[in-house]
Amino acid sequence: MFLTLRIALAFSLLYPALRAVQNPSAWIGYVPPFVLNGAATLGISPIVLLHAFGFIEVVLTLWILSGKKIFIPALSAAAILAGIIVCNLAQFDILFRDISILIIALVLAKKAYAQ
């Protein structure tokens, strides 16, 4: 069962990372303005920021799929999902599924912590 949950969580992290490379303009809208403004202050373009975030998602995906000490990546994924939900409440009709994925991440983190 936990392999299935790991695959589900990994897919939900990997898909947007790959799609953001193919069509960044469709995904940049989910980045909160305060993050974009902070990045701009540091001289980081929105596309570079988006791809850096995608890289983090790919790393978390591979770590979760490995099944080795997944407490940190599962909890990180939960934090990312919580942030996405909170920062995009106006788009809740699209993001409501992220709550289920957040729960998957929390279950995996709890299971990994107990081991």
# chains A, B, ... in the order shown; residues from 1 in each chain; ligands from 1
>>> residues_around(residues="Phe55 in chain A", least_positions_apart="2", cutoff="12 Å", atoms="only C-alpha atoms", output="list in words")
Leu13, Leu14, Tyr15, Pro16, Ala17, Leu18, Ala20, Val21, Val48, Leu49, Leu50, His51, Ala52, Phe53, Glu57, Val58, Val59, Leu60, Thr61 and Leu62 of chain A
>>> residues_around(residues="range 90-102 of chain A", least_positions_apart="2", cutoff="7 Å", atoms="only C-alpha atoms", output="number ranges by chain")
A: 9, 78, 81-82, 85, 88, 104-106
>>> write_last_selection(atoms="C-alpha atoms", output="PDB file, in the first residue's frame")
ATOM      1  CA  LEU A   9       2.864  11.444  -4.436  1.00  0.00           C
ATOM      2  CA  ALA A  78       3.504  18.263   2.443  1.00  0.00           C
ATOM      3  CA  LEU A  81       1.524  21.455  -1.048  1.00  0.00           C
ATOM      4  CA  ALA A  82       0.256  23.345   1.993  1.00  0.00           C
ATOM      5  CA  ILE A  85      -2.966  25.650  -1.303  1.00  0.00           C
ATOM      6  CA  ASN A  88      -3.677  30.101  -4.150  1.00  0.00           C
ATOM      7  CA  ILE A 104      -0.853  11.278   1.272  1.00  0.00           C
ATOM      8  CA  ALA A 105       2.397  13.135   1.969  1.00  0.00           C
ATOM      9  CA  LEU A 106       1.555  13.407   5.674  1.00  0.00           C
TER      10      LEU A 106
END
>>> atom_distance(atom1="CA of Pro24 in chain A", atom2="CA of Arg6 in chain A")
25.9 Å
>>> atom_distance(atom1="CA of Ser76 in chain A", atom2="CA of Trp63 in chain A")
11.2 Å
>>> atom_distance(atom1="CA of Lys110 in chain A", atom2="CA of Ile80 in chain A")
16.5 Å
>>> closest_residue(among="A:Ala114, A:Ile47, A:Ala40, A:Ala10", to="Ile28 in chain A", atoms="only C-alpha atoms")
A:Ile47
>>> residues_around(residues="Ile7 in chain A", least_positions_apart="5", cutoff="9 Å", atoms="only C-alpha atoms", output="list in words")
Phe2, Ser12, Thr61, Ile64 and Leu65 of chain A
>>> decode(residues="range 72-94 of chain A", atoms="C-alpha atoms", output="CSV table (one decimal), in the first residue's frame")
chain,number,residue,atom,x,y,z
A,72,ILE,CA,12.2,14.5,5.0
A,73,PRO,CA,11.0,14.4,1.4
A,74,ALA,CA,7.4,13.5,2.3
A,75,LEU,CA,7.3,16.2,4.9
A,76,SER,CA,8.8,18.7,2.4
A,77,ALA,CA,6.2,17.7,-0.2
A,78,ALA,CA,3.5,18.3,2.4
A,79,ALA,CA,4.9,21.7,3.2
A,80,ILE,CA,5.1,22.6,-0.5
A,81,LEU,CA,1.5,21.5,-1.0
A,82,ALA,CA,0.3,23.3,2.0
A,83,GLY,CA,2.0,26.5,0.7
A,84,ILE,CA,0.5,26.1,-2.7
A,85,ILE,CA,-3.0,25.7,-1.3
A,86,VAL,CA,-2.7,28.6,1.1
A,87,CYS,CA,-1.1,30.9,-1.4
A,88,ASN,CA,-3.7,30.1,-4.2
A,89,LEU,CA,-7.0,29.9,-2.3
A,90,ALA,CA,-8.6,32.0,-5.1
A,91,GLN,CA,-8.0,29.0,-7.4
A,92,PHE,CA,-9.4,26.4,-4.9
A,93,ASP,CA,-11.7,24.9,-7.6
A,94,ILE,CA,-8.5,23.7,-9.3
